[in-house]
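A.B. asks: File follows, start.cif with mmCIF, C-alpha atoms and all ligand atoms:
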data_my_file
loop_
_atom_site.label_atom_id
_atom_site.label_comp_id
_atom_site.auth_asym_id
_atom_site.auth_seq_id
_atom_site.Cartn_x
_atom_site.Cartn_y
_atom_site.Cartn_z
CA MET A 195 29.94 -112.53 3.13
CA GLU A 196 30.38 -108.79 2.72
CA THR A 197 27.87 -106.70 0.80
CA GLN A 198 29.36 -105.04 -2.26
CA ASP A 199 28.67 -101.44 -3.15
CA TYR A 200 27.16 -101.25 -6.64
CA THR A 201 26.31 -97.53 -6.49
CA ASN A 202 28.58 -96.63 -9.38
CA ASN A 203 27.56 -99.53 -11.60
CA GLY A 204 25.28 -99.32 -14.60
CA PHE A 205 21.58 -100.13 -14.61
CA ALA A 206 21.77 -103.73 -15.87
CA THR A 207 24.46 -104.58 -13.30
CA ARG A 208 22.45 -103.07 -10.44
CA ALA A 209 19.29 -104.89 -11.56
CA LEU A 210 21.18 -108.16 -11.25
CA HIS A 211 23.28 -107.63 -8.18
CA VAL A 212 21.73 -105.14 -5.76
CA GLY A 213 19.72 -107.16 -3.21
CA ASN A 214 21.03 -110.37 -4.77
CA GLN A 215 24.14 -110.84 -2.68
CA PRO A 216 24.75 -114.57 -1.97
CA ASP A 217 23.12 -116.07 1.11
CA PRO A 218 25.60 -115.43 3.96
CA THR A 219 24.98 -118.78 5.67
CA THR A 220 25.36 -121.15 2.69
CA GLY A 221 26.75 -119.15 -0.22
CA ALA A 222 23.63 -119.92 -2.29
CA ILE A 223 23.78 -117.56 -5.27
CA THR A 224 19.99 -117.11 -5.29
CA PRO A 225 18.48 -115.34 -2.31
CA PRO A 226 16.45 -117.55 0.02
CA ILE A 227 12.68 -117.17 0.20
CA TYR A 228 12.17 -116.36 3.87
CA GLN A 229 8.76 -118.02 4.05
CA THR A 230 8.16 -117.04 7.66
CA SER A 231 5.65 -114.95 9.58
CA THR A 232 7.66 -114.42 12.75
CA TYR A 233 11.26 -114.34 14.02
CA VAL A 234 12.67 -115.85 17.23
CA GLN A 235 14.08 -113.33 19.69
CA LYS A 236 17.10 -113.97 21.97
CA SER A 237 15.56 -112.05 24.81
CA PRO A 238 12.37 -109.91 24.83
CA GLY A 239 12.92 -107.13 22.30
CA VAL A 240 16.33 -108.46 21.23
CA HIS A 241 16.04 -109.46 17.57
CA GLN A 242 17.97 -109.20 14.32
CA GLY A 243 15.91 -106.43 12.72
CA TYR A 244 12.92 -108.63 11.95
CA GLU A 245 9.91 -109.19 14.21
CA TYR A 246 6.93 -109.95 11.98
CA SER A 247 6.60 -110.27 8.20
CA ARG A 248 3.83 -107.72 7.74
CA THR A 249 6.38 -105.16 8.91
CA HIS A 250 9.59 -106.56 7.40
CA ASN A 251 10.72 -109.69 5.62
CA PRO A 252 14.30 -110.33 4.46
CA THR A 253 13.30 -111.37 0.92
CA ARG A 254 11.17 -108.23 0.59
CA THR A 255 14.01 -106.12 2.00
CA ARG A 256 16.30 -107.40 -0.75
CA LEU A 257 13.73 -106.49 -3.42
CA GLN A 258 13.26 -103.01 -1.91
CA GLU A 259 17.03 -102.43 -2.00
CA CYS A 260 17.21 -103.44 -5.66
CA LEU A 261 14.25 -101.28 -6.70
CA ALA A 262 15.41 -98.20 -4.79
CA SER A 263 18.72 -98.49 -6.61
CA LEU A 264 17.04 -98.78 -10.03
CA GLU A 265 15.11 -95.54 -9.46
CA ASN A 266 18.20 -93.81 -7.97
CA CYS A 267 16.29 -93.47 -4.70
CA LYS A 268 17.11 -93.99 -1.05
CA TYR A 269 13.89 -95.76 -0.08
CA CYS A 270 11.38 -98.23 -1.45
CA VAL A 271 8.15 -99.76 -0.13
CA VAL A 272 6.94 -102.91 -1.87
CA THR A 273 3.23 -103.76 -1.70
CA ALA A 274 1.05 -106.74 -2.61
CA THR A 275 -0.54 -104.96 -5.62
CA GLY A 276 -0.12 -101.70 -7.47
CA MET A 277 -3.50 -100.50 -6.22
CA SER A 278 -2.55 -101.02 -2.57
CA ALA A 279 0.55 -98.87 -3.10
CA GLU A 280 -1.78 -96.13 -4.43
CA MET A 281 -3.97 -96.55 -1.36
CA LEU A 282 -0.97 -96.05 0.96
CA ILE A 283 -0.09 -92.77 -0.78
CA LEU A 284 -3.64 -91.46 -0.39
CA HIS A 285 -3.55 -92.28 3.33
CA THR A 286 -0.62 -89.89 3.81
CA LEU A 287 -2.92 -86.95 2.96
CA THR A 288 -5.05 -84.87 5.32
CA LYS A 289 -8.79 -85.12 4.83
CA GLY A 290 -10.35 -82.46 2.62
CA VAL A 291 -7.31 -81.48 0.56
CA ASN A 292 -7.27 -81.03 -3.22
CA VAL A 293 -5.75 -83.64 -5.50
CA LEU A 294 -5.01 -82.85 -9.14
CA CYS A 295 -4.85 -85.87 -11.43
CA GLY A 296 -4.20 -86.39 -15.14
CA ASP A 297 -7.42 -87.12 -17.07
CA ASP A 298 -6.09 -90.15 -18.94
CA VAL A 299 -4.85 -92.45 -16.18
CA TYR A 300 -5.04 -96.17 -15.46
CA GLY A 301 -8.74 -97.14 -15.16
CA GLY A 302 -8.20 -98.56 -11.66
CA THR A 303 -6.64 -95.30 -10.46
CA TYR A 304 -9.69 -93.41 -11.73
CA ARG A 305 -11.95 -95.92 -9.96
CA LEU A 306 -9.99 -95.70 -6.67
CA PHE A 307 -10.16 -91.91 -6.68
CA THR A 308 -13.81 -91.57 -7.73
CA THR A 309 -15.46 -94.50 -5.93
CA VAL A 310 -13.35 -95.14 -2.79
CA PHE A 311 -11.70 -91.86 -1.75
CA GLN A 312 -14.20 -89.43 -3.31
CA ASN A 313 -15.53 -88.34 0.12
CA ASP A 314 -12.07 -87.81 1.60
CA PHE A 315 -10.38 -85.57 -0.97
CA ASN A 316 -11.42 -83.20 -3.75
CA PHE A 317 -10.24 -84.71 -7.01
CA THR A 318 -9.87 -82.70 -10.21
CA PHE A 319 -8.96 -84.38 -13.49
CA ALA A 320 -7.23 -82.37 -16.23
CA ASP A 321 -5.14 -83.01 -19.35
CA SER A 322 -1.60 -83.33 -17.96
CA SER A 323 -0.08 -83.18 -21.45
CA ASN A 324 -1.49 -79.66 -21.89
CA LEU A 325 1.17 -77.91 -19.83
CA GLU A 326 -0.40 -74.43 -19.75
CA LEU A 327 -3.77 -75.80 -18.67
CA PHE A 328 -2.26 -78.14 -16.09
CA LYS A 329 -0.05 -75.42 -14.59
CA SER A 330 -3.02 -73.08 -14.31
CA LYS A 331 -4.91 -75.84 -12.44
CA ILE A 332 -1.93 -76.27 -10.09
CA ASN A 333 -1.89 -72.55 -9.29
CA GLU A 334 -5.65 -72.33 -8.95
CA LEU A 335 -6.21 -75.44 -6.79
CA LYS A 336 -2.93 -75.46 -4.82
CA PRO A 337 -3.32 -79.22 -4.50
CA ALA A 338 -1.67 -81.24 -1.73
CA MET A 339 -0.90 -83.87 -4.32
CA ILE A 340 -0.45 -84.05 -8.09
CA TRP A 341 -0.84 -87.44 -9.75
CA ILE A 342 0.43 -87.97 -13.26
CA GLU A 343 0.99 -90.95 -15.47
CA THR A 344 3.25 -90.67 -18.50
CA PRO A 345 2.85 -91.85 -21.19
CA THR A 346 -0.86 -91.78 -20.39
CA ASN A 347 -3.03 -94.85 -20.67
CA PRO A 348 -4.23 -95.67 -23.26
CA LEU A 349 -3.66 -92.55 -25.40
CA LEU A 350 0.11 -92.37 -24.79
CA LYS A 351 0.19 -88.62 -24.30
CA ILE A 352 3.39 -87.46 -22.64
CA CYS A 353 3.59 -85.01 -19.79
CA ASP A 354 6.56 -82.98 -18.72
CA ILE A 355 7.55 -84.41 -15.33
CA GLN A 356 10.19 -81.77 -14.62
CA THR A 357 7.97 -78.75 -15.27
CA ILE A 358 4.95 -80.19 -13.46
CA SER A 359 6.99 -81.23 -10.39
CA LYS A 360 8.55 -77.78 -10.22
CA ALA A 361 5.18 -76.03 -10.46
CA GLY A 362 3.87 -78.41 -7.79
CA LYS A 363 6.75 -77.66 -5.45
CA GLU A 364 6.01 -73.93 -5.69
CA VAL A 365 2.54 -74.48 -4.21
CA GLY A 366 3.65 -77.14 -1.72
CA ALA A 367 2.29 -80.16 -3.61
CA ILE A 368 3.75 -83.66 -3.60
CA THR A 369 4.08 -84.97 -7.16
CA VAL A 370 3.50 -88.68 -7.74
CA VAL A 371 4.42 -90.21 -11.10
CA ASP A 372 2.98 -93.55 -12.18
CA ASN A 373 6.01 -94.83 -14.09
CA THR A 374 4.56 -98.27 -14.87
CA PHE A 375 4.58 -97.84 -18.67
CA MET A 376 8.21 -96.79 -18.93
CA SER A 377 9.84 -98.89 -16.18
CA PRO A 378 12.89 -97.61 -14.27
CA TYR A 379 15.04 -98.45 -17.29
CA LEU A 380 13.52 -95.71 -19.43
CA CYS A 381 12.56 -93.02 -16.94
CA ASN A 382 13.45 -92.04 -13.37
CA PRO A 383 10.86 -89.44 -12.28
CA THR A 384 12.50 -88.57 -8.94
CA ASP A 385 15.62 -87.53 -10.86
CA LEU A 386 13.33 -85.07 -12.67
CA GLY A 387 11.94 -83.61 -9.43
CA ALA A 388 8.99 -85.91 -8.62
CA ASP A 389 8.51 -86.80 -4.95
CA ILE A 390 7.28 -90.37 -5.37
CA THR A 391 7.79 -92.77 -8.26
CA TYR A 392 5.12 -95.44 -8.36
CA HIS A 393 5.08 -98.74 -10.24
CA SER A 394 2.63 -101.50 -10.77
CA MET A 395 5.30 -104.20 -10.84
CA SER A 396 2.71 -106.57 -12.29
CA LYS A 397 3.85 -105.11 -15.62
CA TYR A 398 7.41 -104.49 -16.89
CA ILE A 399 9.37 -104.73 -13.62
CA ASN A 400 8.39 -108.34 -12.99
CA GLY A 401 7.79 -108.83 -16.68
CA HIS A 402 6.55 -112.42 -16.71
CA SER A 403 2.79 -112.00 -16.13
CA ASP A 404 2.92 -114.19 -13.02
CA VAL A 405 2.78 -111.73 -10.10
CA VAL A 406 0.77 -108.69 -9.04
CA ALA A 407 2.81 -106.23 -7.01
CA GLY A 408 3.39 -102.53 -6.39
CA ALA A 409 6.33 -100.32 -5.42
CA LEU A 410 6.94 -96.77 -4.23
CA MET A 411 10.39 -95.24 -4.56
CA LEU A 412 11.38 -91.94 -2.93
CA ASN A 413 14.10 -89.91 -1.23
CA ASN A 414 12.13 -88.01 1.42
CA GLU A 415 12.79 -89.75 4.74
CA SER A 416 9.75 -88.53 6.65
CA LEU A 417 7.40 -89.43 3.78
CA TYR A 418 9.06 -92.85 3.59
CA LYS A 419 8.57 -93.40 7.32
CA ASP A 420 4.93 -92.46 6.96
CA LEU A 421 4.44 -94.92 4.08
CA ALA A 422 6.23 -97.71 6.00
CA ARG A 423 4.08 -96.98 9.07
CA LEU A 424 0.94 -97.15 6.91
CA GLN A 425 2.14 -100.38 5.26
CA ASN A 426 2.53 -101.91 8.73
CA SER A 427 -0.75 -100.49 10.05
CA ILE A 428 -2.96 -101.31 7.07
CA GLY A 429 -1.12 -104.42 5.93
CA PRO A 430 -0.85 -104.68 2.10
CA SER A 431 2.65 -106.18 2.37
CA GLN A 432 4.10 -108.31 -0.42
CA SER A 433 4.54 -112.02 0.33
CA PRO A 434 8.07 -113.47 0.53
CA PHE A 435 7.47 -115.74 -2.48
CA ASP A 436 6.13 -112.97 -4.72
CA SER A 437 8.97 -110.69 -3.59
CA TRP A 438 11.38 -113.40 -4.69
CA LEU A 439 9.68 -113.78 -8.07
CA VAL A 440 9.96 -110.06 -8.75
CA LEU A 441 13.58 -110.06 -7.58
CA ARG A 442 14.20 -112.72 -10.22
CA GLY A 443 12.09 -111.05 -12.92
CA VAL A 444 13.73 -107.64 -12.58
CA LYS A 445 17.20 -109.09 -13.28
CA THR A 446 16.43 -109.05 -17.02
CA LEU A 447 14.59 -105.71 -17.11
CA ALA A 448 17.23 -103.87 -19.17
CA ILE A 449 17.53 -106.51 -21.87
CA ARG A 450 13.77 -107.03 -22.00
CA MET A 451 13.08 -103.32 -22.42
CA GLN A 452 15.65 -103.13 -25.21
CA ARG A 453 13.85 -105.88 -27.12
CA HIS A 454 10.35 -104.58 -26.31
CA GLN A 455 11.13 -101.20 -27.80
CA GLU A 456 13.12 -102.50 -30.75
CA ASN A 457 10.07 -104.58 -31.75
CA ALA A 458 7.64 -101.75 -30.94
CA GLN A 459 9.47 -99.27 -33.17
CA ILE A 460 9.35 -101.65 -36.16
CA ILE A 461 5.66 -102.43 -35.58
CA ALA A 462 4.70 -98.77 -35.08
CA GLU A 463 6.38 -97.82 -38.37
CA TYR A 464 4.67 -100.75 -40.11
CA LEU A 465 1.24 -99.78 -38.79
CA GLU A 466 1.75 -96.16 -39.75
CA LYS A 467 1.98 -97.20 -43.42
CA HIS A 468 -0.98 -99.61 -43.37
CA PRO A 469 -4.09 -98.56 -45.36
CA LEU A 470 -6.48 -99.87 -42.67
CA VAL A 471 -4.91 -97.70 -39.98
CA GLU A 472 -6.36 -94.29 -39.25
CA LYS A 473 -3.67 -93.19 -36.79
CA VAL A 474 -0.82 -94.73 -34.74
CA THR A 475 0.46 -93.38 -31.46
CA TYR A 476 3.93 -94.39 -30.27
CA PRO A 477 6.32 -92.00 -28.49
CA GLY A 478 9.16 -93.14 -30.79
CA LEU A 479 7.45 -91.94 -33.97
CA ALA A 480 8.35 -88.49 -35.28
CA SER A 481 4.59 -88.04 -35.83
CA HIS A 482 3.94 -88.22 -32.06
CA PRO A 483 2.87 -84.70 -30.98
CA GLN A 484 5.37 -84.74 -28.10
CA TYR A 485 8.20 -86.55 -29.83
CA GLU A 486 10.72 -83.85 -28.84
CA LEU A 487 9.75 -84.05 -25.15
CA ALA A 488 9.83 -87.86 -25.35
CA LYS A 489 13.40 -87.75 -26.66
CA THR A 490 14.64 -85.70 -23.71
CA GLN A 491 12.53 -87.29 -20.97
CA TYR A 492 13.14 -90.91 -22.03
CA ASN A 493 16.82 -91.08 -22.78
CA ARG A 494 17.08 -94.82 -23.44
CA GLY A 495 14.08 -95.26 -25.74
CA PHE A 496 10.32 -95.18 -25.99
CA GLY A 497 8.98 -98.40 -24.49
CA GLY A 498 6.78 -101.19 -25.77
CA MET A 499 3.26 -99.72 -25.78
CA ILE A 500 1.51 -98.74 -29.03
CA THR A 501 -2.05 -97.68 -29.70
CA PHE A 502 -3.73 -97.32 -33.07
CA PHE A 503 -7.16 -96.44 -34.45
CA ILE A 504 -8.37 -98.98 -36.97
CA LYS A 505 -10.56 -97.94 -39.92
CA GLY A 506 -14.06 -99.48 -39.98
CA GLY A 507 -15.02 -98.84 -36.35
CA LEU A 508 -15.82 -101.42 -33.70
CA ASP A 509 -16.65 -104.09 -36.33
CA ASN A 510 -13.14 -104.10 -37.72
CA ALA A 511 -11.60 -103.72 -34.25
CA ARG A 512 -13.42 -106.91 -33.21
CA LEU A 513 -12.40 -108.83 -36.34
CA PHE A 514 -8.80 -107.78 -35.90
CA LEU A 515 -8.72 -108.77 -32.22
CA GLU A 516 -10.37 -112.14 -32.91
CA ASN A 517 -7.92 -113.06 -35.64
CA VAL A 518 -4.51 -112.39 -34.15
CA HIS A 519 -2.99 -115.35 -32.31
CA VAL A 520 0.57 -114.49 -31.29
CA PHE A 521 -0.77 -111.30 -29.68
CA MET A 522 -2.94 -112.67 -26.87
CA LEU A 523 -6.26 -110.93 -26.27
CA ALA A 524 -5.94 -109.93 -22.61
CA GLU A 525 -5.84 -107.00 -20.22
CA SER A 526 -2.52 -106.05 -18.62
CA LEU A 527 0.79 -105.26 -20.29
CA GLY A 528 4.52 -105.36 -19.88
CA GLY A 529 5.02 -109.12 -19.93
CA VAL A 530 7.42 -110.93 -22.26
CA GLU A 531 4.48 -112.15 -24.36
CA SER A 532 2.66 -109.73 -26.67
CA LEU A 533 -0.83 -108.69 -25.56
CA ILE A 534 -3.58 -106.88 -27.40
CA GLU A 535 -6.84 -105.35 -26.20
CA SER A 536 -9.70 -102.96 -26.81
CA PRO A 537 -9.55 -100.22 -24.13
CA ALA A 538 -13.19 -99.17 -24.71
CA ILE A 539 -14.51 -102.69 -24.08
CA MET A 540 -11.86 -104.03 -21.72
CA THR A 541 -9.46 -101.97 -19.56
CA HIS A 542 -11.31 -98.66 -19.67
CA ALA A 543 -14.91 -99.90 -19.73
CA SER A 544 -15.41 -98.49 -16.20
CA ILE A 545 -15.11 -94.95 -17.65
CA PRO A 546 -18.52 -93.81 -19.00
CA LYS A 547 -18.71 -93.73 -22.83
CA VAL A 548 -19.29 -89.96 -22.96
CA GLU A 549 -16.22 -89.37 -20.77
CA ARG A 550 -14.17 -91.77 -22.89
CA GLU A 551 -15.13 -90.09 -26.14
CA LYS A 552 -14.45 -86.63 -24.69
CA ILE A 553 -10.77 -87.57 -24.35
CA GLY A 554 -10.64 -89.36 -27.71
CA LEU A 555 -10.87 -92.92 -26.43
CA THR A 556 -13.15 -94.26 -29.16
CA ASP A 557 -14.32 -97.82 -29.88
CA ASN A 558 -11.89 -98.32 -32.78
CA LEU A 559 -8.82 -97.87 -30.56
CA ILE A 560 -6.56 -100.92 -30.17
CA ARG A 561 -3.75 -101.15 -27.61
CA LEU A 562 -0.69 -103.32 -28.10
CA SER A 563 1.79 -104.38 -25.47
CA VAL A 564 4.61 -105.52 -27.72
CA GLY A 565 6.45 -108.54 -26.34
CA ILE A 566 9.89 -109.92 -27.00
CA GLU A 567 8.96 -112.52 -29.64
CA GLU A 568 10.54 -112.52 -33.12
CA VAL A 569 9.30 -109.34 -34.74
CA LYS A 570 8.59 -111.06 -38.08
CA ASP A 571 6.10 -113.34 -36.32
CA LEU A 572 4.40 -110.33 -34.75
CA ILE A 573 4.12 -108.57 -38.11
CA ALA A 574 2.73 -111.73 -39.74
CA ASP A 575 0.17 -111.90 -36.92
CA ILE A 576 -0.86 -108.28 -37.48
CA ASP A 577 -1.27 -109.03 -41.18
CA ARG A 578 -3.53 -111.95 -40.28
CA GLY A 579 -5.68 -109.56 -38.21
CA PHE A 580 -5.97 -107.02 -41.05
CA ALA A 581 -6.72 -109.74 -43.61
CA ALA A 582 -9.83 -110.66 -41.61
CA CYS A 583 -11.13 -107.05 -41.62
CA LYS A 584 -13.79 -105.69 -43.94
C1 LIG A 601 -1.76 -102.20 -13.72
C2 LIG A 601 -1.56 -100.78 -13.43
C3 LIG A 601 -1.85 -100.25 -12.15
C4 LIG A 601 -2.43 -101.08 -11.02
O1 LIG A 601 -1.57 -102.07 -10.55
P1 LIG A 601 -2.00 -103.54 -10.05
O2 LIG A 601 -0.67 -104.20 -9.83
O3 LIG A 601 -2.81 -104.18 -11.13
O4 LIG A 601 -2.77 -103.39 -8.79
C5 LIG A 601 -1.61 -98.91 -11.96
N1 LIG A 601 -1.14 -98.11 -12.95
C6 LIG A 601 -0.87 -98.59 -14.18
C7 LIG A 601 -0.36 -97.66 -15.23
C8 LIG A 601 -1.09 -99.92 -14.46
O5 LIG A 601 -0.84 -100.37 -15.70
#
What would the structure in this file look like if it were written as structure tokens?
Ligand SMILES: *Cc1c(COP(=O)(O)O)cnc(C)c1O
C.D. replies:
Amino acid sequence: METQDYTNNGFATRALHVGNQPDPTTGAITPPIYQTSTYVQKSPGVHQGYEYSRTHNPTRTRLQECLASLENCKYCVVTATGMSAEMLILHTLTKGVNVLCGDDVYGGTYRLFTTVFQNDFNFTFADSSNLELFKSKINELKPAMIWIETPTNPLLKICDIQTISKAGKEVGAITVVDNTFMSPYLCNPTDLGADITYHSMSKYINGHSDVVAGALMLNNESLYKDLARLQNSIGPSQSPFDSWLVLRGVKTLAIRMQRHQENAQIIAEYLEKHPLVEKVTYPGLASHPQYELAKTQYNRGFGGMITFFIKGGLDNARLFLENVHVFMLAESLGGVESLIESPAIMTHASIPKVEREKIGLTDNLIRLSVGIEEVKDLIADIDRGFAACK
């Protein structure tokens, strides 16, 4: 069966069809799970492109093709977790170089940089949404790598990928963008000049809260070869079954994101009017400090993540979190079901309290990952949470 060229098709079509060509031996419409470690050779060294599944696996290859297409990239490396993808990137660097990182990044990224690689590289953390400050750090440090996450987690500050990547290029830095919160449907950082787009696929890309996985998408061939070599040498390769699950999950990414953000917009506007809410942050609200940048950088919408500060401190935050039921109290995000959490107590507890408060991450902050349920049920649930507050 010949492979079709979907290059000129739209996002939703590519999400469904790239890497999902029918099985050539049986016509099965769903790709087989090649649950195999090794591959039989005709003669020593004569094989069909596959020798061992740490290096390559046909189900993983299909997923990599699909994901590269969704980020408009030539190459993709799929890893067993998001964190192991981050580890591979750090291993491409030479010991002793400077790394400049946003100061409001995923807690696990902060932990990886400050407790695993702290003796290998010099990390500096700075507010990546403050463009003048961040650019001056780029020029001062001349980092080998710049690491940004946008919107930031959990404060949802937005940084200008295009300007930062350009400033990085001028000093020879590689810019990595953690695009987990937006998904490839809403933002394609390499189109804006970034060198590597990174995703924890445990979130929106898979979307069903049943897999942990990571992905790196890029166009630079030598950097890709280095990452593939490191994947093979270190070994955090995604299993065939999990690759298959993500290949299935990503088929509905476009339609899921549409619903996530439709619900999120309604909820953000509702929260903004509520008397028990001190402040709401959502990139799709005109009150967001970088609303104008958000509109140009995210051309299909603003995603499904909202944070808000509840009045009445930690006591009310606790009461609210204990009394919602449709929103599940759990870490993680990006699944079809709505999740809610307290960053100070849960996802960002590994950041010392003084550091947290310095960046405005206070105890009364609540983070919502808005799912694709009926929005009226989500609003009723939020009302139940507020009704329990003092
Ligand atoms: C979850 C997450 C990660 C880490 O990915 P895992 O798949 O959990 O290893 C990195 N960055 C962001 C923004 C995340 O949300």
A.B. asks: Taking only C-alpha atoms and all ligand atoms into account, report as a ChimeraX atom specification which residues have an atom no farther than 6 Å from an atom of ligand LIG 601 (chain A).
C.D. replies: /A:275-277,300,374,394,396,406-408
A.B. asks: Given the choices A:Ala262, A:Leu287, A:Leu282, A:Val299, which gets closest to A:Pro348 if the distance is worked out from only C-alpha atoms?
C.D. replies: A:Val299
A.B. asks: Taking the point (-14.8, -105.7, -24.0) as given in the file, collect each protein or nucleic acid residue that comes within 12 Å of it, counting only C-alpha atoms, and present the set as a list in words.
C.D. replies: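 Those within range, by chain then number, are Leu508, Ala511, Arg512, Leu515, Glu516, Leu523, Ala524, Glu525, Ile534, Glu535, Ser536, Pro537, Ala538, Ile539, Met540, Thr541, His542, Ala543, Ser544, Asp557, Asn558, Leu559 and Ile560 of chain A.
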A.B. asks: Next, write the just-selected residues to a file, as a JSON list (two decimals), keeping the file's coordinate frame, keeping C-alpha atoms as the atom set.
C.D. replies:
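Wrote it out as again.json, contents follow:
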[["chain", "number", "residue", "atom", "x", "y", "z"],
["A", 508, "LEU", "CA", -15.82, -101.42, -33.70],
["A", 511, "ALA", "CA", -11.60, -103.72, -34.25],
["A", 512, "ARG", "CA", -13.42, -106.91, -33.21],
["A", 515, "LEU", "CA", -8.72, -108.77, -32.22],
["A", 516, "GLU", "CA", -10.37, -112.14, -32.91],
["A", 523, "LEU", "CA", -6.26, -110.93, -26.27],
["A", 524, "ALA", "CA", -5.94, -109.93, -22.61],
["A", 525, "GLU", "CA", -5.84, -107.00, -20.22],
["A", 534, "ILE", "CA", -3.58, -106.88, -27.40],
["A", 535, "GLU", "CA", -6.84, -105.35, -26.20],
["A", 536, "SER", "CA", -9.70, -102.96, -26.81],
["A", 537, "PRO", "CA", -9.55, -100.22, -24.13],
["A", 538, "ALA", "CA", -13.19, -99.17, -24.71],
["A", 539, "ILE", "CA", -14.51, -102.69, -24.08],
["A", 540, "MET", "CA", -11.86, -104.03, -21.72],
["A", 541, "THR", "CA", -9.46, -101.97, -19.56],
["A", 542, "HIS", "CA", -11.31, -98.66, -19.67],
["A", 543, "ALA", "CA", -14.91, -99.90, -19.73],
["A", 544, "SER", "CA", -15.41, -98.49, -16.20],
["A", 557, "ASP", "CA", -14.32, -97.82, -29.88],
["A", 558, "ASN", "CA", -11.89, -98.32, -32.78],
["A", 559, "LEU", "CA", -8.82, -97.87, -30.56],
["A", 560, "ILE", "CA", -6.56, -100.92, -30.17]]
A.B. asks: Set the distance at 12 Å and use only C-alpha atoms: which residues neighbour A:Gly554 once local chain neighbours fewer than 6 positions away are removed? I'd like the list as a list in words.
C.D. replies: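 My reading of the contact set: Asp297, Asp298, Asp321, Asn347, Pro348, Leu349, Leu350, Lys351, Phe502, Phe503, Pro537, Ala538, Lys547 and Val548 of chain A.
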A.B. asks: Give me a file of those residues, with C-alpha atoms, as a compact mmCIF listing (two decimals), in the coordinates of the input.
C.D. replies:
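So out03.txt came out as:
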# COMPACT_ATOMS: atom_id res chain seq x y z
CA ASP A 297 -7.42 -87.12 -17.07
CA ASP A 298 -6.09 -90.15 -18.94
CA ASP A 321 -5.14 -83.01 -19.35
CA ASN A 347 -3.03 -94.85 -20.67
CA PRO A 348 -4.23 -95.67 -23.26
CA LEU A 349 -3.66 -92.55 -25.40
CA LEU A 350 0.11 -92.37 -24.79
CA LYS A 351 0.19 -88.62 -24.30
CA PHE A 502 -3.73 -97.32 -33.07
CA PHE A 503 -7.16 -96.44 -34.45
CA PRO A 537 -9.55 -100.22 -24.13
CA ALA A 538 -13.19 -99.17 -24.71
CA LYS A 547 -18.71 -93.73 -22.83
CA VAL A 548 -19.29 -89.96 -22.96
A.B. asks: Show me the residues close to (13.0, -99.4, -28.9) - anything with an atom within 9 Å, counting all atoms listed in the file - and format the list as a PyMOL selection string.
C.D. replies: chain A and resi 451-460+478+494-498
A.B. asks: Keeping only C-alpha atoms, write the selected residues to a file as a short mmCIF file (atom, residue, chain, number, x, y, z; two decimals), in the frame of the given file.
C.D. replies:
data_model
loop_
_atom_site.label_atom_id
_atom_site.label_comp_id
_atom_site.auth_asym_id
_atom_site.auth_seq_id
_atom_site.Cartn_x
_atom_site.Cartn_y
_atom_site.Cartn_z
CA MET A 451 13.08 -103.32 -22.42
CA GLN A 452 15.65 -103.13 -25.21
CA ARG A 453 13.85 -105.88 -27.12
CA HIS A 454 10.35 -104.58 -26.31
CA GLN A 455 11.13 -101.20 -27.80
CA GLU A 456 13.12 -102.50 -30.75
CA ASN A 457 10.07 -104.58 -31.75
CA ALA A 458 7.64 -101.75 -30.94
CA GLN A 459 9.47 -99.27 -33.17
CA ILE A 460 9.35 -101.65 -36.16
CA GLY A 478 9.16 -93.14 -30.79
CA ARG A 494 17.08 -94.82 -23.44
CA GLY A 495 14.08 -95.26 -25.74
CA PHE A 496 10.32 -95.18 -25.99
CA GLY A 497 8.98 -98.40 -24.49
CA GLY A 498 6.78 -101.19 -25.77
#
A.B. asks: Pick from A:Leu327, A:Leu257, A:Met499, A:Val471: nearest to A:Phe580, with only C-alpha atoms counted?
C.D. replies: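 For A:Phe580, the nearest of the given residues is A:Val471.
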A.B. asks: Counting only C-alpha atoms, figure out which residue out of A:Glu463, A:Glu472, A:Glu334, A:Glu265 gets nearest to A:Cys381.
C.D. replies: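 Looking only at the distances to A:Cys381, the closest residue turns out to be A:Glu265.
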A.B. asks: So which residues touch A:Asp575 within 12 Å, counting all atoms listed in the file, skipping near sequence neighbours fewer than 5 positions away, as a PyMOL selection string?
C.D. replies: chain A and resi 461+514-522+532-534+567-570+580-582
A.B. asks: Please determine, counting all atoms listed in the file, which residue among A:Ala279, A:Val440, A:Ile358, A:Ala274 has the shortest atom-to-atom distance to A:Ser330.
C.D. replies: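 Smallest separation from A:Ser330 among the options: A:Ile358.
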A.B. asks: How many Å separate atom CA of A:Gln425 from atom CA of A:Gly362?
C.D. replies: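 So the two atoms, atom CA of A:Gln425 and atom CA of A:Gly362, lie 25.6 Å apart.
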A.B. asks: Would you please work out which residue, of A:Ser481, A:Ala209, A:Gln258, A:Ala338, is nearest to A:Met411 when using all atoms listed in the file?
C.D. replies: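 Once distances to A:Met411 are computed over all atoms listed in the file, the minimum belongs to A:Gln258.
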